file query.cif (mmCIF, N, CA and C atoms, pLDDT in the B column; chains and numbers go by the auth columns)
data_query
#
loop_
_atom_site.group_PDB
_atom_site.id
_atom_site.type_symbol
_atom_site.label_atom_id
_atom_site.label_comp_id
_atom_site.label_asym_id
_atom_site.label_seq_id
_atom_site.Cartn_x
_atom_site.Cartn_y
_atom_site.Cartn_z
_atom_site.B_iso_or_equiv
_atom_site.auth_seq_id
_atom_site.auth_asym_id
ATOM 1 N N MET A 1 6.059 1.779 -20.805 87.00 1 A
ATOM 2 C CA MET A 1 5.672 3.166 -20.792 87.00 1 A
ATOM 3 C C MET A 1 4.485 3.407 -21.723 87.00 1 A
ATOM 4 N N THR A 2 4.412 2.644 -22.784 92.00 2 A
ATOM 5 C CA THR A 2 3.315 2.813 -23.734 92.00 2 A
ATOM 6 C C THR A 2 1.972 2.555 -23.061 92.00 2 A
ATOM 7 N N ARG A 3 1.917 1.523 -22.221 94.00 3 A
ATOM 8 C CA ARG A 3 0.660 1.226 -21.521 94.00 3 A
ATOM 9 C C ARG A 3 0.232 2.397 -20.643 94.00 3 A
ATOM 10 N N LEU A 4 1.196 3.006 -19.981 94.00 4 A
ATOM 11 C CA LEU A 4 0.880 4.146 -19.125 94.00 4 A
ATOM 12 C C LEU A 4 0.373 5.318 -19.950 94.00 4 A
ATOM 13 N N LYS A 5 0.971 5.526 -21.101 94.00 5 A
ATOM 14 C CA LYS A 5 0.533 6.607 -21.982 94.00 5 A
ATOM 15 C C LYS A 5 -0.887 6.381 -22.474 94.00 5 A
ATOM 16 N N VAL A 6 -1.282 5.129 -22.597 95.00 6 A
ATOM 17 C CA VAL A 6 -2.644 4.798 -23.034 95.00 6 A
ATOM 18 C C VAL A 6 -3.612 4.909 -21.856 95.00 6 A
ATOM 19 N N ARG A 7 -3.193 4.436 -20.702 95.00 7 A
ATOM 20 C CA ARG A 7 -4.077 4.437 -19.527 95.00 7 A
ATOM 21 C C ARG A 7 -4.399 5.834 -19.014 95.00 7 A
ATOM 22 N N ALA A 8 -3.431 6.717 -19.046 96.00 8 A
ATOM 23 C CA ALA A 8 -3.626 8.068 -18.503 96.00 8 A
ATOM 24 C C ALA A 8 -4.840 8.760 -19.119 96.00 8 A
ATOM 25 N N PRO A 9 -4.954 8.862 -20.435 96.00 9 A
ATOM 26 C CA PRO A 9 -6.129 9.534 -20.992 96.00 9 A
ATOM 27 C C PRO A 9 -7.433 8.765 -20.739 96.00 9 A
ATOM 28 N N GLN A 10 -7.324 7.455 -20.557 96.00 10 A
ATOM 29 C CA GLN A 10 -8.528 6.679 -20.252 96.00 10 A
ATOM 30 C C GLN A 10 -9.107 7.075 -18.894 96.00 10 A
ATOM 31 N N THR A 11 -8.258 7.590 -18.025 95.00 11 A
ATOM 32 C CA THR A 11 -8.715 8.049 -16.715 95.00 11 A
ATOM 33 C C THR A 11 -8.993 9.548 -16.712 95.00 11 A
ATOM 34 N N GLY A 12 -8.806 10.167 -17.876 96.00 12 A
ATOM 35 C CA GLY A 12 -9.058 11.594 -17.982 96.00 12 A
ATOM 36 C C GLY A 12 -7.944 12.442 -17.393 96.00 12 A
ATOM 37 N N GLN A 13 -6.747 11.890 -17.330 97.00 13 A
ATOM 38 C CA GLN A 13 -5.622 12.601 -16.718 97.00 13 A
ATOM 39 C C GLN A 13 -4.468 12.719 -17.695 97.00 13 A
ATOM 40 N N SER A 14 -3.618 13.693 -17.424 97.00 14 A
ATOM 41 C CA SER A 14 -2.367 13.772 -18.169 97.00 14 A
ATOM 42 C C SER A 14 -1.460 12.646 -17.682 97.00 14 A
ATOM 43 N N LEU A 15 -0.460 12.339 -18.467 97.00 15 A
ATOM 44 C CA LEU A 15 0.480 11.296 -18.074 97.00 15 A
ATOM 45 C C LEU A 15 1.162 11.662 -16.757 97.00 15 A
ATOM 46 N N GLN A 16 1.535 12.930 -16.602 97.00 16 A
ATOM 47 C CA GLN A 16 2.205 13.365 -15.380 97.00 16 A
ATOM 48 C C GLN A 16 1.316 13.181 -14.155 97.00 16 A
ATOM 49 N N LYS A 17 0.050 13.566 -14.259 97.00 17 A
ATOM 50 C CA LYS A 17 -0.876 13.438 -13.127 97.00 17 A
ATOM 51 C C LYS A 17 -1.131 11.962 -12.826 97.00 17 A
ATOM 52 N N TYR A 18 -1.295 11.165 -13.851 97.00 18 A
ATOM 53 C CA TYR A 18 -1.520 9.737 -13.677 97.00 18 A
ATOM 54 C C TYR A 18 -0.333 9.088 -12.965 97.00 18 A
ATOM 55 N N LEU A 19 0.890 9.426 -13.405 97.00 19 A
ATOM 56 C CA LEU A 19 2.087 8.870 -12.776 97.00 19 A
ATOM 57 C C LEU A 19 2.211 9.316 -11.330 97.00 19 A
ATOM 58 N N LEU A 20 1.910 10.576 -11.060 98.00 20 A
ATOM 59 C CA LEU A 20 1.971 11.071 -9.691 98.00 20 A
ATOM 60 C C LEU A 20 1.011 10.298 -8.800 98.00 20 A
ATOM 61 N N GLU A 21 -0.188 10.040 -9.285 97.00 21 A
ATOM 62 C CA GLU A 21 -1.160 9.270 -8.491 97.00 21 A
ATOM 63 C C GLU A 21 -0.689 7.842 -8.265 97.00 21 A
ATOM 64 N N LEU A 22 -0.113 7.226 -9.294 96.00 22 A
ATOM 65 C CA LEU A 22 0.411 5.862 -9.136 96.00 22 A
ATOM 66 C C LEU A 22 1.519 5.820 -8.089 96.00 22 A
ATOM 67 N N ILE A 23 2.432 6.764 -8.165 97.00 23 A
ATOM 68 C CA ILE A 23 3.550 6.798 -7.222 97.00 23 A
ATOM 69 C C ILE A 23 3.054 7.074 -5.809 97.00 23 A
ATOM 70 N N THR A 24 2.120 7.990 -5.679 97.00 24 A
ATOM 71 C CA THR A 24 1.569 8.328 -4.364 97.00 24 A
ATOM 72 C C THR A 24 0.871 7.122 -3.750 97.00 24 A
ATOM 73 N N ARG A 25 0.062 6.443 -4.554 96.00 25 A
ATOM 74 C CA ARG A 25 -0.649 5.252 -4.072 96.00 25 A
ATOM 75 C C ARG A 25 0.342 4.169 -3.639 96.00 25 A
ATOM 76 N N GLU A 26 1.375 3.966 -4.438 96.00 26 A
ATOM 77 C CA GLU A 26 2.390 2.957 -4.119 96.00 26 A
ATOM 78 C C GLU A 26 3.122 3.307 -2.830 96.00 26 A
ATOM 79 N N ALA A 27 3.455 4.569 -2.657 96.00 27 A
ATOM 80 C CA ALA A 27 4.188 4.996 -1.465 96.00 27 A
ATOM 81 C C ALA A 27 3.360 4.841 -0.199 96.00 27 A
ATOM 82 N N GLN A 28 2.045 4.881 -0.325 97.00 28 A
ATOM 83 C CA GLN A 28 1.173 4.756 0.843 97.00 28 A
ATOM 84 C C GLN A 28 0.970 3.304 1.269 97.00 28 A
ATOM 85 N N GLN A 29 1.294 2.366 0.403 97.00 29 A
ATOM 86 C CA GLN A 29 1.137 0.950 0.725 97.00 29 A
ATOM 87 C C GLN A 29 2.266 0.518 1.659 97.00 29 A
ATOM 88 N N PRO A 30 1.939 -0.217 2.714 96.00 30 A
ATOM 89 C CA PRO A 30 3.008 -0.688 3.590 96.00 30 A
ATOM 90 C C PRO A 30 3.866 -1.732 2.874 96.00 30 A
ATOM 91 N N THR A 31 5.134 -1.762 3.241 96.00 31 A
ATOM 92 C CA THR A 31 6.017 -2.778 2.682 96.00 31 A
ATOM 93 C C THR A 31 5.699 -4.124 3.319 96.00 31 A
ATOM 94 N N LEU A 32 6.234 -5.172 2.763 96.00 32 A
ATOM 95 C CA LEU A 32 6.043 -6.507 3.336 96.00 32 A
ATOM 96 C C LEU A 32 6.595 -6.549 4.761 96.00 32 A
ATOM 97 N N ALA A 33 7.743 -5.917 4.972 97.00 33 A
ATOM 98 C CA ALA A 33 8.344 -5.888 6.311 97.00 33 A
ATOM 99 C C ALA A 33 7.451 -5.142 7.298 97.00 33 A
ATOM 100 N N GLU A 34 6.869 -4.022 6.875 97.00 34 A
ATOM 101 C CA GLU A 34 5.975 -3.259 7.750 97.00 34 A
ATOM 102 C C GLU A 34 4.717 -4.065 8.082 97.00 34 A
ATOM 103 N N THR A 35 4.197 -4.770 7.094 97.00 35 A
ATOM 104 C CA THR A 35 3.013 -5.601 7.324 97.00 35 A
ATOM 105 C C THR A 35 3.336 -6.735 8.289 97.00 35 A
ATOM 106 N N ALA A 36 4.479 -7.368 8.107 98.00 36 A
ATOM 107 C CA ALA A 36 4.885 -8.457 9.001 98.00 36 A
ATOM 108 C C ALA A 36 5.071 -7.940 10.422 98.00 36 A
ATOM 109 N N GLU A 37 5.691 -6.782 10.563 97.00 37 A
ATOM 110 C CA GLU A 37 5.898 -6.198 11.891 97.00 37 A
ATOM 111 C C GLU A 37 4.570 -5.898 12.569 97.00 37 A
ATOM 112 N N ARG A 38 3.627 -5.323 11.831 97.00 38 A
ATOM 113 C CA ARG A 38 2.313 -5.013 12.394 97.00 38 A
ATOM 114 C C ARG A 38 1.581 -6.299 12.802 97.00 38 A
ATOM 115 N N THR A 39 1.706 -7.328 11.974 98.00 39 A
ATOM 116 C CA THR A 39 1.071 -8.606 12.291 98.00 39 A
ATOM 117 C C THR A 39 1.656 -9.198 13.566 98.00 39 A
ATOM 118 N N GLN A 40 2.967 -9.127 13.708 97.00 40 A
ATOM 119 C CA GLN A 40 3.611 -9.637 14.921 97.00 40 A
ATOM 120 C C GLN A 40 3.178 -8.853 16.155 97.00 40 A
ATOM 121 N N ARG A 41 3.094 -7.538 16.030 97.00 41 A
ATOM 122 C CA ARG A 41 2.642 -6.703 17.164 97.00 41 A
ATOM 123 C C ARG A 41 1.214 -7.074 17.559 97.00 41 A
ATOM 124 N N ASN A 42 0.353 -7.226 16.554 97.00 42 A
ATOM 125 C CA ASN A 42 -1.039 -7.577 16.843 97.00 42 A
ATOM 126 C C ASN A 42 -1.147 -8.950 17.491 97.00 42 A
ATOM 127 N N ALA A 43 -0.370 -9.906 16.992 96.00 43 A
ATOM 128 C CA ALA A 43 -0.392 -11.253 17.565 96.00 43 A
ATOM 129 C C ALA A 43 0.103 -11.223 19.002 96.00 43 A
ATOM 130 N N ARG A 44 1.160 -10.451 19.248 95.00 44 A
ATOM 131 C CA ARG A 44 1.700 -10.321 20.605 95.00 44 A
ATOM 132 C C ARG A 44 0.657 -9.719 21.536 95.00 44 A
ATOM 133 N N ALA A 45 -0.026 -8.685 21.072 94.00 45 A
ATOM 134 C CA ALA A 45 -1.047 -8.021 21.882 94.00 45 A
ATOM 135 C C ALA A 45 -2.199 -8.978 22.183 94.00 45 A
ATOM 136 N N LEU A 46 -2.584 -9.769 21.203 94.00 46 A
ATOM 137 C CA LEU A 46 -3.668 -10.736 21.424 94.00 46 A
ATOM 138 C C LEU A 46 -3.253 -11.813 22.426 94.00 46 A
ATOM 139 N N ARG A 47 -1.995 -12.285 22.328 93.00 47 A
ATOM 140 C CA ARG A 47 -1.513 -13.290 23.286 93.00 47 A
ATOM 141 C C ARG A 47 -1.500 -12.715 24.699 93.00 47 A
ATOM 142 N N GLU A 48 -1.006 -11.481 24.807 91.00 48 A
ATOM 143 C CA GLU A 48 -0.967 -10.835 26.134 91.00 48 A
ATOM 144 C C GLU A 48 -2.379 -10.649 26.691 91.00 48 A
ATOM 145 N N GLU A 49 -3.299 -10.269 25.841 90.00 49 A
ATOM 146 C CA GLU A 49 -4.677 -10.085 26.277 90.00 49 A
ATOM 147 C C GLU A 49 -5.275 -11.415 26.719 90.00 49 A
ATOM 148 N N HIS A 50 -4.977 -12.454 25.961 88.00 50 A
ATOM 149 C CA HIS A 50 -5.518 -13.787 26.264 88.00 50 A
ATOM 150 C C HIS A 50 -4.941 -14.316 27.580 88.00 50 A
ATOM 151 N N THR A 51 -3.666 -14.102 27.814 89.00 51 A
ATOM 152 C CA THR A 51 -3.035 -14.625 29.039 89.00 51 A
ATOM 153 C C THR A 51 -3.428 -13.820 30.271 89.00 51 A
ATOM 154 N N SER A 52 -3.861 -12.585 30.087 84.00 52 A
ATOM 155 C CA SER A 52 -4.234 -11.772 31.248 84.00 52 A
ATOM 156 C C SER A 52 -5.682 -11.997 31.670 84.00 52 A
ATOM 157 N N GLN A 53 -6.408 -12.759 30.900 78.00 53 A
ATOM 158 C CA GLN A 53 -7.825 -13.005 31.253 78.00 53 A
ATOM 159 C C GLN A 53 -7.989 -14.203 32.137 78.00 53 A
#
call {"tool": "encode", "arguments": {"input": "query.cif", "output": "C-alpha cells"}}
result
Amino acid sequence: MTRLKVRAPQTGQSLQKYLLELITREAQQPTLAETAERTQRNARALREEHTSQ
C-alpha cells in the first residue's frame, strides 16, 4: 500500500482516483480464459476460411 501512496501523487492524483484508475484498467483487460477463447475462435475462422478457398 505504501508504494501506491507514493505513486498516486507522482501521477498528480489522489490515492482514491489512482486506485480507481488501476481497478478500471485491470477490469478492462481480458482474462487468460477470454484470450484463449478468442484465439481459438480466430484460429477456427482462419481454418474455415482456408478450407473454403
call {"tool": "atom_distance", "arguments": {"input": "query.cif", "atom1": "atom C of Glu49 (chain A)", "atom2": "CA of Ala36 (chain A)"}}
result
20.6 Å
call {"tool": "atom_distance", "arguments": {"input": "query.cif", "atom1": "CA of Leu22 (chain A)", "atom2": "CA of Val6 (chain A)"}}
result
14.3 Å
call {"tool": "atom_distance", "arguments": {"input": "query.cif", "atom1": "atom C of Tyr18 (chain A)", "atom2": "atom N of Lys5 (chain A)"}}
result
9.0 Å
call {"tool": "build_atoms", "arguments": {"input": "query.cif", "residues": "region 15-29 of chain A", "atoms": "N, CA, C and O atoms", "output": "compact mmCIF listing (two decimals), keeping the file's coordinate frame"}}
result
# COMPACT_ATOMS: atom_id res chain seq x y z
N LEU A 15 -0.46 12.34 -18.47
CA LEU A 15 0.48 11.30 -18.07
C LEU A 15 1.16 11.66 -16.76
O LEU A 15 1.31 10.81 -15.87
N GLN A 16 1.54 12.93 -16.60
CA GLN A 16 2.20 13.36 -15.38
C GLN A 16 1.32 13.18 -14.16
O GLN A 16 1.75 12.68 -13.12
N LYS A 17 0.05 13.57 -14.26
CA LYS A 17 -0.88 13.44 -13.13
C LYS A 17 -1.13 11.96 -12.83
O LYS A 17 -1.17 11.55 -11.67
N TYR A 18 -1.30 11.16 -13.85
CA TYR A 18 -1.52 9.74 -13.68
C TYR A 18 -0.33 9.09 -12.96
O TYR A 18 -0.51 8.31 -12.02
N LEU A 19 0.89 9.43 -13.40
CA LEU A 19 2.09 8.87 -12.78
C LEU A 19 2.21 9.32 -11.33
O LEU A 19 2.59 8.52 -10.46
N LEU A 20 1.91 10.58 -11.06
CA LEU A 20 1.97 11.07 -9.69
C LEU A 20 1.01 10.30 -8.80
O LEU A 20 1.35 9.92 -7.68
N GLU A 21 -0.19 10.04 -9.28
CA GLU A 21 -1.16 9.27 -8.49
C GLU A 21 -0.69 7.84 -8.26
O GLU A 21 -0.84 7.30 -7.17
N LEU A 22 -0.11 7.23 -9.29
CA LEU A 22 0.41 5.86 -9.14
C LEU A 22 1.52 5.82 -8.09
O LEU A 22 1.53 4.94 -7.22
N ILE A 23 2.43 6.76 -8.16
CA ILE A 23 3.55 6.80 -7.22
C ILE A 23 3.05 7.07 -5.81
O ILE A 23 3.50 6.44 -4.85
N THR A 24 2.12 7.99 -5.68
CA THR A 24 1.57 8.33 -4.36
C THR A 24 0.87 7.12 -3.75
O THR A 24 1.07 6.80 -2.58
N ARG A 25 0.06 6.44 -4.55
CA ARG A 25 -0.65 5.25 -4.07
C ARG A 25 0.34 4.17 -3.64
O ARG A 25 0.18 3.54 -2.59
N GLU A 26 1.38 3.97 -4.44
CA GLU A 26 2.39 2.96 -4.12
C GLU A 26 3.12 3.31 -2.83
O GLU A 26 3.38 2.44 -1.99
N ALA A 27 3.46 4.57 -2.66
CA ALA A 27 4.19 5.00 -1.46
C ALA A 27 3.36 4.84 -0.20
O ALA A 27 3.92 4.67 0.89
N GLN A 28 2.04 4.88 -0.32
CA GLN A 28 1.17 4.76 0.84
C GLN A 28 0.97 3.30 1.27
O GLN A 28 0.54 3.04 2.39
N GLN A 29 1.29 2.37 0.40
CA GLN A 29 1.14 0.95 0.72
C GLN A 29 2.27 0.52 1.66
O GLN A 29 3.43 0.83 1.42
